[in-house]
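Quick notes on the structure that follows.
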Amino acid sequence: MRYDISEESYTTHEHDVVIIGAGGAGLRAAIAASQEGASVALVCKSMLGKAHTVMAEGGAAAALANKDPRDSWKVHFRDTMKGGKYLNDWRMAKIHAQQAPDRIRELETWGAVFDRTPKGLTSQRNFGGHTYPRLAHIGDATGLELIRTLQEKGVHMGMDVFMEFTVRRLFTNNGEVTGCFAYDRNDGSLHLFKAKSIVLATGGITRCWAVCSGSWEYTGEGHALAYWAGAEIGDMEFVQFHPTGMIWPPSVKGILVTEGVRGEGGMLTNSEGQRFMFDYIPEMYADEFADTEKEALEWVDEVISGKLATKRRPPELLTRDVVAKAINSERDAGRASEHGGAYLDISWRTPEDVKKKLPGMYHQFKELAAVDITTTKMEVGPTAHYVMGGVKVHPETQESTVIGLYAAGEAATGLHGANRLGGNSLSDLIVFGKIAGEHAAARAEKIDSFTEIPDEEIADVISETLAPFGREGGENPASVVEDLREMMQEKVGIIRTGTLLNEALSDLDELEKRASITSPGGSRIYNPGWHQALELGAMIDVSRMCALAALQREESRGGHTRDDFPESDHKHWGKVNSVITQGKDGSMEIEHTSYPAIDEELKALLDADDLDQEGE
Amino acid sequence: MSEEVTFRVFRGVGDAHGEALGKMVDYTVEMDEGMVVLDVIHRIQAEHAPDLSCRWNCKAGKCGSCSAEVNGMPRLMCMTRMEDIMEETPEGEPITVKPMQAFPITKDLVTDISWAYEMNKKMVPVNGPEELDWEFKQEEADRIQEFRACIECMLCVNTCHVLREHQKFDEFAGPRFFVRLAGLEMHPLDTENRIPEIKEDFGLGYCNITKCCTEVCPAGINITDNAIIPLKERVVTEYYDPIAMIARKLGLKT
């Protein structure tokens, strides 16, 4: 039954720039666009200040060189490219490394209070894959500091904030974006936003896995909205499983344990008490990591006492893809911790140090697992954390292949390649959020009037949005969501095979059928069941993108591991990125393209040995 | 081993004034090891009531979205372990879950906290040097980093009797915003004088330091001792300290 929409009314809003999402990237874009003089609507799924950025812990990477004068944007660029296994858009990696320091400093003038060095500058901590201590932080609550600072700046910029609004569709006309349609969770009312530019800052997709560190918001609507509007979506096979999520008790499974624990000297051990990471140092990192416990301990001693490190780093600080797979392998070899993960131990440091540098972790374990991490080892295991893939954007403007549609932060792809370094996400948000906001505003300035949006397109999205109320006796949408997440965990998880990925694609077809007939019941006022019935559409399409891109890539690299193709294939797959688009008949299409050749000057900054291996 | 638990949850909406129109409804579900209150609410949604409204995001005590009153106590549902709740609840009694009572009700466990966003806009931003490189010591940061830990869950506001009983929302900034103001006022590089507005516009005098706010703060901020009392002392110095008054008349900085 089609819901009768003849009686439905909606409210129309007009803004130069509509920004969808109010995490770090969205807020930074909104500030930039407002500064450029654009009228801005900030449309967000949760309340302001609650977006996913708030959960980020360890810090924001920027080569400030406050802790180690040897650091520079060039080293940051090199680390980012290496960590991404050279599938990054090198142009974005360069812009990011060059601009991150000023974006961090700017935050301090807006009220952020990062931890200090003895000289009174912003302190920086060590993190996986970063050669030098590089992460500006406040304890282990850096995301809170970032979002609160941007929120406090943003509310004085004159933007209109639409909280608890969910965007259902983008409108385009001749390949240019013209507006979007949303519903308000609080009263179920419907809203049309006309816009000259739209910025997608919608974050990620990891709620599609059963064990994840993401909140309810992480259902991939931004990725799906762009795809449905005709944009190119890249690198969707690359999903980061963070090595250290909580694993016990069951109800907390997946909650993040910051990499800062390892940055502060945390050691990973197996059931036999061995520091197993020494056995998993990849060839490409062999020169940079300690190969004995003695050397690793000496590095930690140097760092804690405030000296410049002369020893090589402990292998616990290898990139996330490597550590996650190592924990997985130890489990498969029968050396798992009590509840199927690994032990992470920071208790050898003084209780005062632990509480000062990792206060959130101390409380999280104490309150949720009744574990005192100042005396006891934590138990950790991999958790779906981040998607490297997203909307393909121009590196200098963040514009997608749909004119006037921009994307920044986790919703965009390019910066991180096949694997993101910890700390590069928060700096990504503020560097590219700003760029997206500025360019969105510049485009809006050139356009005189808003484009009319055809009535039949509006009627169509209203009908689709209200459809779940017209269905009776169907499943609870929650059970379809749960089955989808279990399926993705099993078949599109850390270790993949062609057989499982093919199964995943056909399972998704089945889930799509079930999703189309769920019936949440209830009213339009703040109805989470209705919301879930709607978001399933995006979850299914982004899951499909991951499975399809993963099936095509017949090699293992970064956040994509194929049991049937365990080696990296530098000759072919090391040089191409997947691109997904929606075909004319509505089916999902995939091809592979390459970024332009890297500048010689920048190439000289990269690891010559790695490039040899890549066949350059 | 799993056991059953019964939750008695407020179901209903607010009238035009945000007063509750609804009733308490019982739901019984199975409970697993290590569950928190929010897990039980999610299970009720999945098994009995898909339209049961509640806010949540991080489920790790970092975002401050899932504030509610559990057995009459204001708490974050995501950080309240069922083990502790079972211990405090008399045998055979249901566990009650209600929305925050100081705010107008939207539906079920969701309240209208737009007041907080309006109040936030009234806070004058930090005003320091133009240059990008701000220098200050960790000891100076320590003092205000405690305040920066606020997750804006509004449990303190919900508990404060000036707001909850006396509804002085128009005259009183409430504990959350005194924490914010204290963070600005004590910022080592901030040059604004915020004391007049703290006294006049934000009504600091209404607080009679009963410390209810501090008791419910899930971020462990010493709201009363470290934020409100020092602000009260600054107001006293600015307005009532005779030596400071003479100094001001003589044009000396106090």
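In the structure tokens, the first chain shown is A, the next is B, and so on; residue numbers restart at 1 for each chain, and ligands run from 1 in the order shown.
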
Each residue of chain B with at least one atom at most 7 Å from chain A should appear once, together with its nearest atom pair and the corresponding distance in Å (one decimal); atoms considered: only C-alpha atoms; ordering: chain, then increasing residue number; output as CSV.
```
residue,atom,partner,partner_atom,distance
B:Glu33,CA,A:Pro249,CA,6.4
B:Gly34,CA,A:Pro249,CA,5.1
B:Met35,CA,A:Ser251,CA,5.4
B:Ala46,CA,A:Ala478,CA,5.5
B:Pro50,CA,A:Gly529,CA,4.5
B:Asp51,CA,A:Asn527,CA,4.6
B:Leu52,CA,A:Asn527,CA,6.7
B:Ser53,CA,A:Tyr526,CA,5.8
B:Asn57,CA,A:Ser215,CA,5.0
B:Cys58,CA,A:Ser215,CA,5.2
B:Ala60,CA,A:Gln364,CA,6.9
B:Lys62,CA,A:Met55,CA,6.1
B:Cys63,CA,A:Lys50,CA,5.3
B:Met79,CA,A:Glu367,CA,6.7
B:Arg81,CA,A:Leu368,CA,6.9
B:Lys107,CA,A:Tyr526,CA,6.8
B:Lys121,CA,A:Val155,CA,6.1
B:Val126,CA,A:Gly111,CA,5.7
B:Gly128,CA,A:Thr109,CA,6.8
B:Leu132,CA,A:Arg105,CA,5.4
B:Asp133,CA,A:Arg105,CA,6.2
B:Trp134,CA,A:Glu108,CA,7.0
B:Glu135,CA,A:Gly120,CA,4.9
B:Phe136,CA,A:Gly120,CA,4.6
B:Lys137,CA,A:Gly120,CA,4.4
B:Gln138,CA,A:Arg116,CA,5.1
B:Ala141,CA,A:Val113,CA,6.6
B:Gln145,CA,A:Val113,CA,6.7
B:Arg148,CA,A:Glu145,CA,6.9
```

Print the selection's residues with N, CA and C atoms to a file, as a compact mmCIF listing (two decimals), in the first residue's frame.
```
# COMPACT_ATOMS: atom_id res chain seq x y z
N GLU B 33 25.16 -11.17 30.89
CA GLU B 33 26.24 -10.72 31.76
C GLU B 33 26.78 -9.35 31.31
N GLY B 34 27.00 -8.48 32.27
CA GLY B 34 27.67 -7.22 32.00
C GLY B 34 26.80 -6.14 31.38
N MET B 35 25.49 -6.39 31.27
CA MET B 35 24.63 -5.39 30.62
C MET B 35 24.55 -4.10 31.41
N ALA B 46 13.94 -3.84 20.62
CA ALA B 46 14.08 -4.91 19.62
C ALA B 46 13.00 -5.97 19.78
N PRO B 50 9.37 -1.18 19.20
CA PRO B 50 10.30 -0.50 18.28
C PRO B 50 10.21 1.02 18.36
N ASP B 51 9.07 1.54 18.80
CA ASP B 51 8.90 2.99 18.81
C ASP B 51 9.22 3.63 20.17
N LEU B 52 9.79 2.86 21.10
CA LEU B 52 10.19 3.44 22.39
C LEU B 52 11.33 4.45 22.16
N SER B 53 11.08 5.71 22.54
CA SER B 53 12.05 6.77 22.22
C SER B 53 13.11 6.91 23.29
N ASN B 57 24.19 7.77 21.86
CA ASN B 57 25.18 7.79 20.78
C ASN B 57 26.35 6.86 21.07
N CYS B 58 27.24 7.26 21.97
CA CYS B 58 28.53 6.56 22.05
C CYS B 58 28.46 5.27 22.85
N ALA B 60 29.45 4.82 25.75
CA ALA B 60 30.70 4.67 26.50
C ALA B 60 30.94 5.88 27.40
N LYS B 62 30.86 9.06 26.82
CA LYS B 62 31.64 10.16 26.26
C LYS B 62 30.79 11.26 25.63
N CYS B 63 29.52 10.96 25.31
CA CYS B 63 28.75 11.96 24.56
C CYS B 63 27.64 12.61 25.39
N MET B 79 26.28 3.99 31.30
CA MET B 79 27.35 3.74 32.26
C MET B 79 26.79 3.18 33.57
N ARG B 81 25.56 -0.03 35.32
CA ARG B 81 25.57 -1.48 35.18
C ARG B 81 24.35 -2.11 35.83
N LYS B 107 9.01 12.80 24.10
CA LYS B 107 8.30 11.52 24.10
C LYS B 107 9.13 10.48 24.87
N LYS B 121 24.77 29.82 23.64
CA LYS B 121 25.03 30.95 22.73
C LYS B 121 25.36 32.23 23.50
N VAL B 126 36.20 32.56 24.18
CA VAL B 126 37.52 32.89 24.72
C VAL B 126 38.11 34.04 23.91
N GLY B 128 41.66 35.82 23.44
CA GLY B 128 43.09 35.84 23.75
C GLY B 128 43.91 36.43 22.61
N LEU B 132 48.80 32.56 16.49
CA LEU B 132 48.35 31.17 16.56
C LEU B 132 49.03 30.38 17.68
N ASP B 133 50.26 30.72 18.02
CA ASP B 133 50.96 29.89 19.02
C ASP B 133 50.70 30.38 20.43
N TRP B 134 49.77 29.68 21.11
CA TRP B 134 49.45 30.06 22.48
C TRP B 134 50.33 29.27 23.43
N GLU B 135 50.99 29.98 24.33
CA GLU B 135 51.85 29.29 25.30
C GLU B 135 51.27 29.40 26.70
N PHE B 136 51.08 28.27 27.33
CA PHE B 136 50.77 28.26 28.77
C PHE B 136 51.17 26.91 29.34
N LYS B 137 51.36 26.87 30.63
CA LYS B 137 51.94 25.69 31.28
C LYS B 137 50.87 24.62 31.57
N GLN B 138 51.34 23.40 31.74
CA GLN B 138 50.42 22.31 32.09
C GLN B 138 49.69 22.61 33.40
N ALA B 141 46.89 24.61 32.56
CA ALA B 141 45.91 23.82 31.81
C ALA B 141 45.12 22.90 32.75
N GLN B 145 41.26 22.00 32.44
CA GLN B 145 40.97 20.76 31.70
C GLN B 145 39.88 19.94 32.40
N ARG B 148 36.81 21.09 30.93
CA ARG B 148 36.66 20.71 29.52
C ARG B 148 36.13 19.28 29.39
```

Can you pull out the residues contacting Glu457 in chain A? Cut-off 10 Å, using only C-alpha atoms, and skip same-chain residues under 5 positions away; I want them as an MDAnalysis selection string. chainID A and resid 169 171 462:463

Determine, counting only C-alpha atoms, which protein, DNA and RNA residues have an atom within 9 Å of an atom of range 584-591 of chain A; residues of the same chain fewer than 3 positions away are not included. Present the result as a list in words. Trp228, Asp541, Arg544, Met545, Leu548, Ala549, Gln552, Asn577, Ser578, Val579, Ile580 and Thr581 of chain A

At a cut-off of 8 Å, using only C-alpha atoms, what residues contact Gly498 in chain A? Leave out same-chain residues fewer than 6 positions from it and give the result as a PyMOL selection string. chain A and resi 551+562+564

What does the structure give for the distance between CA of Gly179 in chain A and CA of His13 in chain A, in Å to one decimal? 9.6 Å

Enumerate as number ranges by chain all residues of range 283-352 of chain A assigned to strand (DSSP E) by DSSP on the backbone, naming them with the chain letters and numbers the document uses. A: 342-345

Enter the distance from CA of Thr244 in chain A to CA of Glu264 in chain A, in Å, rounded to one decimal.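 Separation between CA of Thr244 in chain A and CA of Glu264 in chain A: 14.3 Å.
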
What does the structure give for the distance between CA of Gly265 in chain A and CA of Ala309 in chain A, in Å to one decimal?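 Result for CA of Gly265 in chain A versus CA of Ala309 in chain A: 13.3 Å, one decimal.
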
Compare B:Asp26, B:Gln45, B:Gln101, B:Asp225 by their minimum atom-to-atom distance to Glu165 in chain B, counting only C-alpha atoms, and give me the closest one. B:Gln101

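The environment of Arg143 in chain B within 10 Å, counting only C-alpha atoms and disregarding residues fewer than 3 places along the same chain, consists of B:Gln138, B:Glu139, B:Glu140, B:Glu146, B:Phe147, B:Arg148, B:Ala182, B:Gly183, B:Met186, B:His187, B:Pro188, B:Asn226, B:Ala227.
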
Include C-alpha atoms and write out the residues we just selected as a short mmCIF file (atom, residue, chain, number, x, y, z; two decimals), in the first residue's frame.
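The result, written out as selection34.cif:
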```
data_model
loop_
_atom_site.label_atom_id
_atom_site.label_comp_id
_atom_site.auth_asym_id
_atom_site.auth_seq_id
_atom_site.Cartn_x
_atom_site.Cartn_y
_atom_site.Cartn_z
CA GLN B 138 50.42 22.31 32.09
CA GLU B 139 49.74 23.54 35.64
CA GLU B 140 47.58 26.29 34.16
CA GLU B 146 38.73 19.37 34.43
CA PHE B 147 35.98 21.67 33.12
CA ARG B 148 36.66 20.71 29.52
CA ALA B 182 34.78 28.84 35.06
CA GLY B 183 36.77 27.31 32.20
CA MET B 186 40.30 30.73 34.53
CA HIS B 187 41.79 30.35 31.04
CA PRO B 188 45.35 31.64 31.35
CA ASN B 226 36.26 23.84 41.70
CA ALA B 227 33.92 25.86 39.47
#
```

So which residues touch Ser568 in chain A within 9 Å, counting only C-alpha atoms, skipping near sequence neighbours fewer than 6 positions away, as a VMD selection string? chain A and resid 554 to 557 574

Near range 191-201 of chain B, within 10 Å and counting only C-alpha atoms, which residues show up once chain neighbours fewer than 6 positions away are dropped, as a ChimeraX atom specification? /B:122-129,170-173,177-178,181-182,184-185,231-232,234-239

I need the alpha helix (DSSP H) residues of range 100-217 of chain B per DSSP on the backbone, written as a ChimeraX atom specification. /B:114-121,138-148,155-159,161-164,174-185,195-199,212-216

My list of candidates is B:Pro104, B:Gly61, B:Gly92, B:Pro230. Which is closest to Phe365 in chain A when distances are computed with only C-alpha atoms? B:Gly61
